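K.L.:
So here's model_8.txt, just compact mmCIF, C-alpha atoms and all ligand atoms:
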# COMPACT_ATOMS: atom_id res chain seq x y z
CA MET A 26 4.10 -2.89 -1.09
CA GLY A 27 5.21 -3.97 2.21
CA THR A 28 4.86 -2.32 5.53
CA SER A 29 1.56 -1.98 7.19
CA VAL A 30 1.22 1.06 9.33
CA GLY A 31 -1.67 3.40 8.70
CA ALA A 32 -1.21 6.32 6.37
CA ALA A 33 -3.01 9.27 4.96
CA GLY A 34 -4.33 8.46 1.53
CA THR A 35 -3.53 11.06 -1.02
CA ALA A 36 -4.28 11.87 -4.60
CA GLN A 37 -0.90 10.82 -5.89
CA SER A 38 0.01 7.60 -4.22
CA LEU A 39 -3.42 6.19 -3.38
CA ARG A 40 -2.20 3.61 -1.02
CA PRO A 41 -4.64 3.67 1.86
CA VAL A 42 -2.20 1.93 4.15
CA LEU A 43 1.27 3.39 4.59
CA ARG A 44 3.05 5.15 1.79
CA PRO A 45 1.60 8.61 1.40
CA ALA A 46 2.41 10.53 -1.73
CA GLU A 47 5.80 11.93 -2.28
CA GLN A 48 6.50 15.53 -1.79
CA PRO A 49 9.63 16.31 -3.74
CA THR A 50 10.69 19.08 -1.38
CA GLN A 51 12.96 17.82 1.34
CA ALA A 52 12.99 20.83 3.63
CA ALA A 53 16.73 21.28 3.31
CA GLY A 54 16.71 24.03 5.92
CA GLN A 55 15.50 21.57 8.53
CA MET A 56 18.14 18.99 7.89
CA THR A 57 20.92 18.56 10.35
CA VAL A 58 24.51 18.13 9.37
CA VAL A 59 26.55 15.51 11.09
CA ALA A 60 29.99 14.12 10.59
CA SER A 61 30.64 10.43 10.32
CA ALA A 62 33.40 8.10 9.44
CA LEU A 63 31.07 6.64 6.86
CA ARG A 64 30.30 9.97 5.30
CA PRO A 65 33.41 11.84 4.31
CA LYS A 66 31.55 14.65 2.58
CA LEU A 67 28.15 16.21 2.56
CA ARG A 68 26.38 16.37 -0.70
CA PRO A 69 26.34 20.06 -1.56
CA GLU A 70 22.60 20.11 -2.25
CA ASN A 71 21.93 19.04 1.31
CA ALA A 72 24.33 21.40 2.99
CA VAL A 73 22.63 23.52 5.60
CA PRO A 74 23.40 27.22 5.38
CA THR A 75 22.10 28.23 8.81
CA PRO A 76 22.51 26.84 12.31
CA THR A 77 20.05 24.10 13.10
CA PRO A 78 17.53 24.19 15.96
CA VAL A 79 18.78 22.97 19.29
CA THR A 80 16.40 20.00 19.48
CA GLN A 81 17.64 18.64 16.19
CA VAL A 82 21.29 19.23 16.99
CA ALA A 83 20.72 17.29 20.19
CA SER A 84 19.65 14.24 18.21
CA ASN A 85 22.72 14.20 15.98
CA PRO A 86 25.20 12.56 18.33
CA GLY A 87 22.72 9.76 18.81
CA PHE A 88 22.40 9.28 15.08
CA GLU A 89 26.18 9.30 14.82
CA ARG A 90 26.56 6.66 17.47
CA TRP A 91 23.81 4.62 15.90
CA ILE A 92 25.53 4.65 12.50
CA ASN A 93 28.81 3.55 14.07
CA SER A 94 27.17 0.60 15.77
CA PHE A 95 25.09 -0.19 12.70
CA GLU A 96 28.27 -0.43 10.66
CA GLY A 97 29.36 -3.40 12.75
CA ARG A 98 26.01 -5.12 12.39
CA ALA A 99 26.00 -4.54 8.65
CA ARG A 100 29.53 -5.90 8.27
CA ALA A 101 28.47 -8.99 10.21
CA GLN A 102 25.76 -9.51 7.61
CA GLY A 103 28.14 -9.40 4.70
CA ILE A 104 28.03 -5.71 3.78
CA ARG A 105 31.49 -4.56 2.71
CA ALA A 106 33.12 -1.41 4.09
CA SER A 107 33.32 0.05 0.59
CA THR A 108 29.56 -0.46 0.14
CA LEU A 109 28.85 1.29 3.44
CA GLN A 110 31.25 4.09 2.62
CA ALA A 111 29.55 4.83 -0.70
CA ALA A 112 26.02 4.36 0.61
CA PHE A 113 26.36 6.69 3.61
CA ARG A 114 28.26 9.44 1.85
CA GLY A 115 26.29 12.63 2.58
CA VAL A 116 23.54 10.87 4.48
CA GLN A 117 22.02 12.92 7.29
CA TYR A 118 19.40 12.46 9.95
CA ASP A 119 16.22 13.53 8.17
CA PRO A 120 13.58 15.05 10.49
CA ASP A 121 11.15 15.31 7.59
CA VAL A 122 10.98 11.52 7.38
CA ILE A 123 10.21 11.33 11.10
CA ARG A 124 7.56 14.00 10.77
CA ARG A 125 5.87 11.97 8.06
CA ASP A 126 6.14 8.80 10.09
CA ARG A 127 4.39 10.52 13.00
CA ASN A 128 1.66 12.06 10.86
CA GLN A 129 0.43 9.04 9.03
CA SER A 130 -2.08 7.51 11.40
CA GLU A 131 -5.12 8.88 9.65
CA PHE A 132 -6.91 7.50 6.64
CA THR A 133 -9.91 9.72 6.39
CA LYS A 134 -11.20 8.85 2.95
CA THR A 135 -14.35 6.86 2.53
CA ILE A 136 -14.25 3.98 0.08
CA TRP A 137 -16.13 5.98 -2.54
CA GLU A 138 -13.84 8.99 -2.20
CA TYR A 139 -10.89 6.67 -2.56
CA LEU A 140 -12.35 4.97 -5.64
CA ASP A 141 -13.33 8.30 -7.19
CA SER A 142 -9.62 9.05 -7.28
CA ALA A 143 -8.23 5.53 -7.84
CA ALA A 144 -10.41 5.04 -10.90
CA SER A 145 -10.85 8.66 -11.95
CA ASP A 146 -11.39 9.45 -15.63
CA THR A 147 -7.83 10.79 -15.75
CA ARG A 148 -6.28 7.70 -14.22
CA ILE A 149 -8.30 5.43 -16.52
CA ARG A 150 -7.34 7.48 -19.58
CA ASN A 151 -3.66 7.57 -18.56
CA GLY A 152 -3.79 3.84 -17.91
CA LYS A 153 -5.11 3.13 -21.38
CA ALA A 154 -2.41 5.39 -22.84
CA ALA A 155 0.29 3.60 -20.81
CA LEU A 156 -1.05 0.28 -22.03
CA ARG A 157 -0.86 1.41 -25.66
CA LYS A 158 2.60 2.87 -25.25
CA HIS A 159 4.08 -0.20 -23.57
CA ARG A 160 1.86 -2.86 -25.17
CA ARG A 161 4.66 -5.01 -26.56
CA LYS A 162 6.57 -5.32 -23.35
CA LEU A 163 3.35 -5.72 -21.35
CA ASP A 164 2.24 -8.52 -23.68
CA ALA A 165 5.61 -10.17 -23.18
CA ILE A 166 5.35 -9.77 -19.38
CA GLU A 167 1.83 -11.21 -19.43
CA ALA A 168 3.00 -14.17 -21.52
CA ARG A 169 5.93 -14.87 -19.20
CA PHE A 170 4.26 -14.42 -15.81
CA GLY A 171 0.60 -15.11 -16.51
CA VAL A 172 -0.72 -11.88 -15.05
CA GLU A 173 -3.01 -9.71 -17.17
CA LYS A 174 -1.34 -6.55 -18.39
CA GLU A 175 -4.26 -4.39 -17.24
CA VAL A 176 -3.71 -5.56 -13.66
CA VAL A 177 0.01 -4.78 -13.82
CA VAL A 178 -0.79 -1.37 -15.27
CA ALA A 179 -3.40 -0.72 -12.56
CA VAL A 180 -0.85 -1.41 -9.80
CA TRP A 181 1.53 0.95 -11.61
CA GLY A 182 -1.23 3.57 -11.81
CA LEU A 183 -1.96 3.48 -8.09
CA GLU A 184 1.60 3.10 -6.86
CA SER A 185 3.21 5.91 -8.85
CA ALA A 186 0.64 7.35 -11.29
CA TYR A 187 2.33 5.32 -14.06
CA GLY A 188 5.84 6.27 -13.03
CA GLU A 189 5.17 9.95 -12.48
CA TYR A 190 5.61 9.86 -8.66
CA ARG A 191 8.27 7.33 -7.88
CA GLY A 192 9.57 9.25 -4.88
CA LYS A 193 12.65 11.42 -4.57
CA ASN A 194 13.78 10.53 -1.08
CA ASP A 195 17.25 9.07 -0.67
CA ILE A 196 16.44 5.50 0.41
CA ILE A 197 19.55 4.98 2.53
CA GLN A 198 18.98 8.27 4.35
CA SER A 199 15.29 7.59 4.95
CA LEU A 200 15.81 4.04 6.18
CA ALA A 201 18.79 4.98 8.36
CA THR A 202 16.74 7.75 9.96
CA LEU A 203 13.78 5.43 10.60
CA ALA A 204 16.00 2.61 11.87
CA TYR A 205 17.75 5.00 14.26
CA ASP A 206 14.47 6.54 15.38
CA GLY A 207 13.41 3.25 16.87
CA ARG A 208 9.68 3.17 16.24
CA ARG A 209 9.71 -0.12 14.36
CA GLY A 210 13.48 0.23 14.28
CA ALA A 211 14.11 -3.48 13.72
CA PHE A 212 11.89 -3.48 10.65
CA PHE A 213 13.63 -0.49 9.09
CA GLU A 214 17.10 -1.79 9.94
CA GLU A 215 16.22 -5.00 8.10
CA GLN A 216 15.13 -2.87 5.13
CA LEU A 217 18.34 -0.86 5.34
CA ILE A 218 20.47 -4.02 5.26
CA ALA A 219 18.44 -5.21 2.25
CA ALA A 220 18.97 -1.86 0.51
CA LEU A 221 22.72 -2.15 1.09
CA LYS A 222 22.68 -5.66 -0.39
CA ILE A 223 20.97 -4.25 -3.49
CA LEU A 224 23.73 -1.66 -3.81
CA GLN A 225 26.41 -4.27 -3.22
CA ASN A 226 24.89 -6.40 -6.00
CA GLY A 227 25.35 -3.47 -8.36
CA ASP A 228 21.72 -3.15 -9.40
CA THR A 229 21.85 0.61 -8.95
CA SER A 230 24.01 3.31 -7.40
CA PRO A 231 23.46 4.82 -3.93
CA ARG A 232 22.19 8.20 -5.03
CA ASN A 233 20.07 6.70 -7.78
CA MET A 234 18.28 4.63 -5.16
CA THR A 235 15.34 6.89 -4.47
CA GLY A 236 11.78 6.31 -3.39
CA SER A 237 9.21 7.12 -0.76
CA TRP A 238 10.18 8.44 2.66
CA ALA A 239 9.34 4.98 4.07
CA GLY A 240 11.55 3.03 1.70
CA ALA A 241 9.23 2.00 -1.18
CA MET A 242 11.12 2.21 -4.45
CA GLY A 243 10.53 2.59 -8.13
CA HIS A 244 7.53 2.48 -10.45
CA THR A 245 5.62 -0.04 -8.37
CA GLN A 246 7.07 0.79 -4.96
CA PHE A 247 8.91 -2.29 -3.80
CA ILE A 248 10.44 -2.19 -0.34
CA PRO A 249 14.02 -3.54 -0.28
CA THR A 250 13.26 -6.99 1.18
CA SER A 251 10.50 -7.54 -1.39
CA TYR A 252 12.87 -6.39 -4.09
CA LEU A 253 15.52 -8.91 -3.02
CA ALA A 254 12.98 -11.71 -2.98
CA TYR A 255 10.87 -10.94 -6.05
CA ALA A 256 12.32 -8.34 -8.42
CA VAL A 257 13.34 -9.60 -11.85
CA ASP A 258 15.61 -8.45 -14.66
CA PHE A 259 13.31 -8.39 -17.64
CA THR A 260 15.52 -6.38 -19.99
CA GLY A 261 18.33 -8.92 -19.69
CA ASP A 262 21.13 -6.50 -18.86
CA GLY A 263 21.89 -8.30 -15.61
CA ARG A 264 20.47 -5.54 -13.40
CA ARG A 265 17.06 -5.45 -11.80
CA ASP A 266 16.52 -1.77 -12.40
CA ILE A 267 13.16 -0.65 -11.02
CA TRP A 268 14.34 2.99 -10.72
CA SER A 269 14.98 3.57 -14.41
CA ASP A 270 12.63 5.65 -16.57
CA ASP A 271 12.14 2.45 -18.55
CA PRO A 272 9.51 0.63 -16.46
CA SER A 273 10.19 -2.86 -17.90
CA ASP A 274 11.95 -4.39 -14.91
CA ALA A 275 9.53 -2.79 -12.42
CA LEU A 276 6.41 -3.98 -14.26
CA ALA A 277 7.81 -7.47 -14.72
CA SER A 278 8.73 -7.53 -11.03
CA THR A 279 5.13 -6.68 -10.12
CA ALA A 280 3.83 -9.45 -12.36
CA ALA A 281 6.36 -11.86 -10.85
CA TYR A 282 5.25 -10.86 -7.37
CA LEU A 283 1.55 -11.39 -8.10
CA LYS A 284 2.29 -14.71 -9.79
CA ARG A 285 4.36 -15.83 -6.84
CA PHE A 286 1.38 -15.27 -4.54
CA GLY A 287 -0.98 -17.28 -6.69
CA TRP A 288 -2.48 -15.03 -9.35
CA VAL A 289 -4.87 -17.01 -11.54
CA LYS A 290 -4.94 -15.72 -15.10
CA GLY A 291 -8.35 -15.36 -16.65
CA GLN A 292 -10.10 -14.85 -13.35
CA PRO A 293 -11.40 -11.59 -11.91
CA TRP A 294 -10.46 -10.13 -8.53
CA GLY A 295 -14.16 -9.71 -7.92
CA VAL A 296 -17.48 -8.99 -9.57
CA GLU A 297 -20.07 -6.44 -8.52
CA VAL A 298 -23.21 -8.25 -7.43
CA GLN A 299 -26.73 -7.48 -6.27
CA LEU A 300 -28.12 -8.92 -3.08
CA PRO A 301 -31.73 -10.03 -2.70
CA ARG A 302 -34.17 -8.23 -0.47
CA GLY A 303 -33.94 -9.78 2.98
CA PHE A 304 -30.36 -10.98 2.44
CA ASN A 305 -28.77 -12.15 5.66
CA TYR A 306 -25.87 -9.73 5.95
CA ALA A 307 -24.10 -12.01 8.38
CA GLN A 308 -23.26 -14.04 5.23
CA ALA A 309 -21.12 -11.18 3.93
CA SER A 310 -17.99 -12.24 5.78
CA ARG A 311 -14.54 -13.22 4.58
CA LYS A 312 -14.96 -16.35 6.70
CA ILE A 313 -17.86 -17.55 4.53
CA THR A 314 -17.10 -18.86 1.05
CA LYS A 315 -19.45 -20.43 -1.49
CA THR A 316 -19.38 -21.09 -5.20
CA PRO A 317 -21.14 -18.53 -7.42
CA GLY A 318 -23.85 -21.17 -8.02
CA GLN A 319 -24.45 -21.51 -4.29
CA TRP A 320 -24.58 -17.73 -3.96
CA ALA A 321 -27.06 -17.56 -6.83
CA ARG A 322 -29.36 -19.95 -4.97
CA LEU A 323 -29.36 -17.38 -2.15
CA GLY A 324 -30.30 -14.71 -4.69
CA VAL A 325 -26.82 -13.18 -5.12
CA VAL A 326 -26.38 -12.51 -8.85
CA ASP A 327 -24.44 -10.17 -11.12
CA MET A 328 -25.71 -6.74 -12.11
CA SER A 329 -27.54 -8.23 -15.11
CA GLY A 330 -29.33 -10.70 -12.87
CA ARG A 331 -27.28 -13.71 -13.99
CA THR A 332 -25.35 -16.26 -12.01
CA VAL A 333 -21.70 -15.20 -11.76
CA PRO A 334 -19.46 -17.60 -13.74
CA ASN A 335 -17.81 -20.26 -11.61
CA TYR A 336 -14.41 -18.81 -10.74
CA GLY A 337 -14.26 -20.92 -7.59
CA LYS A 338 -15.15 -20.20 -3.99
CA ALA A 339 -16.04 -16.62 -3.23
CA SER A 340 -16.96 -14.32 -0.37
CA ILE A 341 -19.27 -11.33 -0.39
CA LEU A 342 -17.64 -8.02 0.49
CA LEU A 343 -19.61 -4.92 1.50
CA PRO A 344 -17.06 -2.13 1.84
CA ALA A 345 -19.72 0.39 2.88
CA GLY A 346 -22.17 -1.96 4.53
CA GLY A 347 -25.66 -2.64 3.28
CA GLN A 348 -26.05 0.83 1.74
CA GLY A 349 -23.22 0.59 -0.81
CA ALA A 350 -21.88 -1.68 -3.53
CA ALA A 351 -21.50 -5.43 -2.96
CA PHE A 352 -18.74 -7.51 -4.50
CA MET A 353 -18.24 -11.23 -4.94
CA ILE A 354 -14.50 -11.65 -4.40
CA PHE A 355 -12.27 -14.50 -5.56
CA LYS A 356 -8.76 -15.85 -5.05
CA ASN A 357 -7.15 -12.99 -6.95
CA PHE A 358 -8.51 -10.52 -4.40
CA SER A 359 -6.27 -12.08 -1.76
CA VAL A 360 -3.34 -12.02 -4.19
CA ILE A 361 -3.64 -8.23 -4.59
CA GLU A 362 -3.82 -8.05 -0.78
CA ARG A 363 -0.18 -9.16 -0.76
CA TYR A 364 0.63 -5.72 -2.15
CA ASN A 365 -1.53 -3.89 0.36
CA THR A 366 -4.13 -5.38 2.65
CA ALA A 367 -6.59 -2.48 2.68
CA ASP A 368 -9.87 -3.40 1.00
CA ALA A 369 -9.97 0.05 -0.61
CA TYR A 370 -6.60 -0.55 -2.25
CA VAL A 371 -7.51 -4.01 -3.53
CA ILE A 372 -10.84 -2.83 -4.95
CA GLY A 373 -9.01 0.20 -6.38
CA VAL A 374 -6.47 -1.93 -8.26
CA GLY A 375 -9.12 -4.39 -9.36
CA HIS A 376 -11.64 -1.84 -10.51
CA LEU A 377 -9.04 0.33 -12.25
CA SER A 378 -7.82 -2.73 -14.15
CA ASP A 379 -11.39 -3.52 -15.19
CA ARG A 380 -11.92 0.03 -16.41
CA ILE A 381 -8.62 0.06 -18.34
CA LYS A 382 -9.87 -3.13 -19.98
CA GLY A 383 -13.02 -1.25 -20.99
CA GLY A 384 -15.31 -2.60 -18.27
CA PRO A 385 -18.21 -0.69 -16.70
CA SER A 386 -18.14 1.58 -13.69
CA ILE A 387 -19.52 0.40 -10.36
CA LYS A 388 -23.29 0.53 -10.67
CA ALA A 389 -24.50 0.68 -7.07
CA SER A 390 -24.68 4.00 -5.31
CA TRP A 391 -22.69 4.71 -2.16
CA PRO A 392 -23.93 6.31 1.08
CA ARG A 393 -22.30 9.58 0.06
CA GLY A 394 -23.94 11.45 2.92
CA ASP A 395 -21.69 9.56 5.35
CA ARG A 396 -18.26 10.86 6.22
CA ALA A 397 -15.25 8.79 7.19
CA LEU A 398 -14.62 8.32 10.88
CA THR A 399 -11.54 10.05 12.22
CA PHE A 400 -8.78 8.07 13.86
CA ALA A 401 -10.04 9.21 17.28
CA GLU A 402 -13.58 8.17 16.43
CA ARG A 403 -12.45 4.76 15.23
CA LYS A 404 -10.62 4.21 18.51
CA GLU A 405 -13.63 5.44 20.44
CA MET A 406 -15.83 2.96 18.58
CA GLN A 407 -13.44 0.13 19.45
CA GLN A 408 -13.36 1.22 23.10
CA ARG A 409 -17.14 1.45 23.33
CA LEU A 410 -17.70 -1.87 21.58
CA THR A 411 -15.18 -3.60 23.84
CA ARG A 412 -16.67 -2.03 26.95
CA ALA A 413 -20.13 -3.15 25.82
CA GLY A 414 -18.90 -6.74 25.68
CA PHE A 415 -18.06 -6.94 21.96
CA SER A 416 -14.27 -7.09 22.06
CA THR A 417 -12.39 -5.71 19.08
CA GLN A 418 -9.25 -7.41 20.46
CA GLY A 419 -7.28 -4.22 20.51
CA ILE A 420 -7.81 -0.47 20.24
CA ASP A 421 -5.70 0.58 17.28
CA GLY A 422 -8.03 2.81 15.28
CA ARG A 423 -7.98 0.43 12.35
CA ILE A 424 -11.19 -1.17 11.16
CA GLY A 425 -10.07 -4.71 10.39
CA PRO A 426 -11.86 -8.07 10.42
CA LYS A 427 -11.99 -8.26 14.23
CA THR A 428 -13.63 -4.86 14.58
CA ILE A 429 -16.08 -5.71 11.79
CA GLU A 430 -17.03 -8.92 13.63
CA ALA A 431 -17.50 -6.94 16.84
CA VAL A 432 -19.72 -4.46 14.99
CA ARG A 433 -21.76 -7.35 13.63
CA ALA A 434 -22.17 -8.91 17.06
CA TYR A 435 -23.30 -5.57 18.42
CA GLN A 436 -25.73 -5.12 15.52
CA ARG A 437 -27.12 -8.59 16.16
CA SER A 438 -27.67 -7.77 19.83
CA GLN A 439 -29.53 -4.60 18.85
CA GLY A 440 -31.66 -6.21 16.17
CA LEU A 441 -29.95 -4.15 13.45
CA VAL A 442 -28.88 -5.16 9.95
CA GLN A 443 -25.66 -7.14 10.49
CA ASP A 444 -23.57 -5.58 7.75
CA GLY A 445 -20.52 -4.87 9.92
CA TYR A 446 -20.34 -1.28 8.72
CA ALA A 447 -18.51 0.91 11.22
CA SER A 448 -20.47 4.07 10.48
CA LEU A 449 -20.85 7.33 12.34
CA SER A 450 -24.47 6.51 13.10
CA LEU A 451 -23.35 3.28 14.74
CA LEU A 452 -20.86 5.22 16.86
CA LYS A 453 -23.63 7.64 17.88
CA ARG A 454 -25.78 4.71 18.91
CA LEU A 455 -22.92 3.31 21.00
CA ARG A 456 -22.66 6.66 22.80
CA CA B 1 17.34 -4.92 -16.34
As structure tokens, how would this structure be written, given the file I've shared?
Ligand SMILES: [Ca+2]
P.N.:
Amino acid sequence: MGTSVGAAGTAQSLRPVLRPAEQPTQAAGQMTVVASALRPKLRPENAVPTPTPVTQVASNPGFERWINSFEGRARAQGIRASTLQAAFRGVQYDPDVIRRDRNQSEFTKTIWEYLDSAASDTRIRNGKAALRKHRRKLDAIEARFGVEKEVVVAVWGLESAYGEYRGKNDIIQSLATLAYDGRRGAFFEEQLIAALKILQNGDTSPRNMTGSWAGAMGHTQFIPTSYLAYAVDFTGDGRRDIWSDDPSDALASTAAYLKRFGWVKGQPWGVEVQLPRGFNYAQASRKITKTPGQWARLGVVDMSGRTVPNYGKASILLPAGGQGAAFMIFKNFSVIERYNTADAYVIGVGHLSDRIKGGPSIKASWPRGDRALTFAERKEMQQRLTRAGFSTQGIDGRIGPKTIEAVRAYQRSQGLVQDGYASLSLLKRLR
């Protein structure tokens, strides 16, 4: 959970925003070796046998200076010298982390490609197996935090493939590199301080603190500040150990997190619905909420043709416009958004949890002939919409609520179906 820069979705990690999958290889040959007061010795596995390229050597003194100044800032925030000494032992500037940070602007999967993987037969089967294997502790977690075990397991399944891909990057090294690098340096320095507080608390040891290149840790990929605020010790040994092979603390921490943000037990994240012929697509907006009864009066009903049970106010979500599935989404949808705001991720967690519970697959078909827009195309669409008088309030290549509203306004002006779907055909029309 946590940061919100764009990222390439991948088969392993399945987080459409940030956090690409882990590659265990760390390109040791590309690492640069630097000396530091904080780091008396290099870890042998990271020692570099050959001279490093000039460009990377040139960045080392800067990293060195940065660490020295960081030490003062960390001390001022209560981090002890002994904690810093242990944490930075062997830590090096890691160009691989920077390469990943630079290469993560693209999310080129369509919603259906994403869901094909998020709720694949394998992931559903493995989720059911994980549920069986850990049923007692999951029942206990559900009883304590009031979050259904299938939802906790689904988050686990998407974040780390049920613990299989927890990330092998050294968290201190990754965060120090990103904080030094400066692109969102303040954010990563805050995470680094939080990581050092975790170490100082004794929850884990420096070299056991591993995770994604961007600082997400453990079975359910908490970033350090989220860990400090929400992680729990479920095993009762006094340590909040989300890195251990035993997933108890990590799964309980996820349940605690969802509960903290308002999870309502017994309610769905969303329900697939059918829309009536002639439905006014302008109604399918997060800004518009109605009770399921009110939606039913407009002809919006479940896939059996019945009124959706009254789980409270709901919006209609069309992740692929008028040509794909429609969902009635409830409060719990916005709770899952606290993990990751991408619609694809939230639907992925929700649908996977439904399938693990034995629920049906999504019934509607998707516009599978469409391809995802590239980052450049998304920016072009935003530029063209804005130029045409439908401001997207920024050109960032991310299709968020403001861009969807601009698409809708453009569709309205053209007499098109106002489904807000930023498709390739819409871009072609704008050209
Ligand atoms: Ca524990």
K.L.:
Give the answer as one residue: which of A:Arg396, A:Arg169, A:Arg285, A:Lys382 has the shortest atom-to-atom distance to Ala345 of chain A, using all atoms listed in the file?
P.N.:
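Answer, going by the shortest atom-to-atom distance: A:Arg396.
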K.L.:
If I take atom CA of His244 of chain A and atom CA of Ser185 of chain A, how far is one from the other in Å, to one decimal?
P.N.:
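We find that atom CA of His244 of chain A and atom CA of Ser185 of chain A lie 5.7 Å from each other.
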K.L.:
Could you list, as a PyMOL selection string, all the residues within 6 Å of ligand CA 1 (chain B), counting only C-alpha atoms and all ligand atoms?
P.N.:
chain A and resi 258-266+274
K.L.:
Between atom CA of Trp288 of chain A and atom CA of Ser329 of chain A, what is the distance in Å, rounded to a tenth?
P.N.:
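According to the coordinates, atom CA of Trp288 of chain A and atom CA of Ser329 of chain A are separated by 26.6 Å.
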K.L.:
Contacts of segment 204-209 of chain A at 10 Å or less, counting only C-alpha atoms, minus same-chain residues fewer than 2 places along, as number ranges by chain?
P.N.:
A: 30, 84, 87-92, 95, 118, 120, 123, 126-127, 198-202, 211-217
K.L.:
Would you list the contacts of Lys427 of chain A as a list in words, taking every protein, DNA or RNA residue within 9 Å and counting all atoms listed in the file, but skipping same-chain residues closer than 6 positions in sequence?
P.N.:
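These residues fall inside the cut-off: Ser416, Thr417, Gln418 and Gly419 of chain A.
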K.L.:
For Asp444 of chain A, which residue out of A:Leu410, A:Val333, A:Ala369, A:Ala309 is the nearest one, using only C-alpha atoms?
P.N.:
A:Ala309
K.L.:
Contacts of Ala168 of chain A at 12 Å or less, counting all atoms listed in the file, minus same-chain residues fewer than 5 places along, as a PyMOL selection string?
P.N.:
chain A and resi 160-163+173-174+277+280-281+284+290
K.L.:
Can you work out the spacing between atom CA of Leu343 of chain A and atom CA of Asp368 of chain A in Å, to one decimal?
P.N.:
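Computed distance, atom CA of Leu343 of chain A to atom CA of Asp368 of chain A, equals 9.9 Å.
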K.L.:
Please provide the set of residues having any atom within 8 Å of Val374 of chain A, restricted to all atoms listed in the file, with same-chain residues fewer than 6 positions apart removed, written as a list in words.
P.N.:
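Skipping anything fewer than 6 positions along the chain leaves Ala143, Val176, Ala179, Val180, Leu183 and Ile361 of chain A.
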K.L.:
Could you pull the residues within 8 Å of Asn357 of chain A, counting all atoms listed in the file, minus those fewer than 4 positions along the same chain, as a list in words?
P.N.:
Gly287, Trp288, Val289, Gln292, Pro293, Trp294, Gly295 and Ile361 of chain A
K.L.:
Using only C-alpha atoms, which of A:Phe400, A:Trp181, A:Trp391, A:Phe352 sits nearest Trp137 of chain A?
P.N.:
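Of A:Phe400, A:Trp181, A:Trp391, A:Phe352, the one nearest Trp137 of chain A, counting only C-alpha atoms, is A:Trp391.
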K.L.:
Output requested as a PDB file, in the coordinates of the input - segment 157-170 of chain A, filled out with N, CA and C atoms.
P.N.:
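Writing the result to out_36.pdb gives the following:
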ATOM      1  N   ARG A 157      -1.179   1.308 -24.221  1.00  0.00           N
ATOM      2  CA  ARG A 157      -0.860   1.410 -25.660  1.00  0.00           C
ATOM      3  C   ARG A 157       0.637   1.607 -25.862  1.00  0.00           C
ATOM      4  N   LYS A 158       1.187   2.528 -25.070  1.00  0.00           N
ATOM      5  CA  LYS A 158       2.600   2.870 -25.250  1.00  0.00           C
ATOM      6  C   LYS A 158       3.527   1.692 -24.980  1.00  0.00           C
ATOM      7  N   HIS A 159       3.185   0.891 -23.985  1.00  0.00           N
ATOM      8  CA  HIS A 159       4.080  -0.200 -23.570  1.00  0.00           C
ATOM      9  C   HIS A 159       3.508  -1.573 -23.929  1.00  0.00           C
ATOM     10  N   ARG A 160       2.610  -1.628 -24.917  1.00  0.00           N
ATOM     11  CA  ARG A 160       1.860  -2.860 -25.170  1.00  0.00           C
ATOM     12  C   ARG A 160       2.772  -4.054 -25.435  1.00  0.00           C
ATOM     13  N   ARG A 161       3.820  -3.847 -26.217  1.00  0.00           N
ATOM     14  CA  ARG A 161       4.660  -5.010 -26.560  1.00  0.00           C
ATOM     15  C   ARG A 161       5.327  -5.609 -25.342  1.00  0.00           C
ATOM     16  N   LYS A 162       5.905  -4.746 -24.525  1.00  0.00           N
ATOM     17  CA  LYS A 162       6.570  -5.320 -23.350  1.00  0.00           C
ATOM     18  C   LYS A 162       5.552  -5.866 -22.351  1.00  0.00           C
ATOM     19  N   LEU A 163       4.382  -5.213 -22.260  1.00  0.00           N
ATOM     20  CA  LEU A 163       3.350  -5.720 -21.350  1.00  0.00           C
ATOM     21  C   LEU A 163       2.795  -7.066 -21.830  1.00  0.00           C
ATOM     22  N   ASP A 164       2.655  -7.208 -23.142  1.00  0.00           N
ATOM     23  CA  ASP A 164       2.240  -8.520 -23.680  1.00  0.00           C
ATOM     24  C   ASP A 164       3.278  -9.590 -23.327  1.00  0.00           C
ATOM     25  N   ALA A 165       4.544  -9.208 -23.467  1.00  0.00           N
ATOM     26  CA  ALA A 165       5.610 -10.170 -23.180  1.00  0.00           C
ATOM     27  C   ALA A 165       5.624 -10.530 -21.691  1.00  0.00           C
ATOM     28  N   ILE A 166       5.398  -9.527 -20.836  1.00  0.00           N
ATOM     29  CA  ILE A 166       5.350  -9.770 -19.380  1.00  0.00           C
ATOM     30  C   ILE A 166       4.165 -10.665 -19.045  1.00  0.00           C
ATOM     31  N   GLU A 167       3.019 -10.391 -19.673  1.00  0.00           N
ATOM     32  CA  GLU A 167       1.830 -11.210 -19.430  1.00  0.00           C
ATOM     33  C   GLU A 167       2.073 -12.657 -19.860  1.00  0.00           C
ATOM     34  N   ALA A 168       2.728 -12.815 -21.018  1.00  0.00           N
ATOM     35  CA  ALA A 168       3.000 -14.170 -21.520  1.00  0.00           C
ATOM     36  C   ALA A 168       3.948 -14.913 -20.577  1.00  0.00           C
ATOM     37  N   ARG A 169       4.929 -14.181 -20.027  1.00  0.00           N
ATOM     38  CA  ARG A 169       5.930 -14.870 -19.200  1.00  0.00           C
ATOM     39  C   ARG A 169       5.409 -15.175 -17.798  1.00  0.00           C
ATOM     40  N   PHE A 170       4.653 -14.245 -17.211  1.00  0.00           N
ATOM     41  CA  PHE A 170       4.260 -14.420 -15.810  1.00  0.00           C
ATOM     42  C   PHE A 170       2.801 -14.805 -15.612  1.00  0.00           C
TER      43      PHE A 170
END
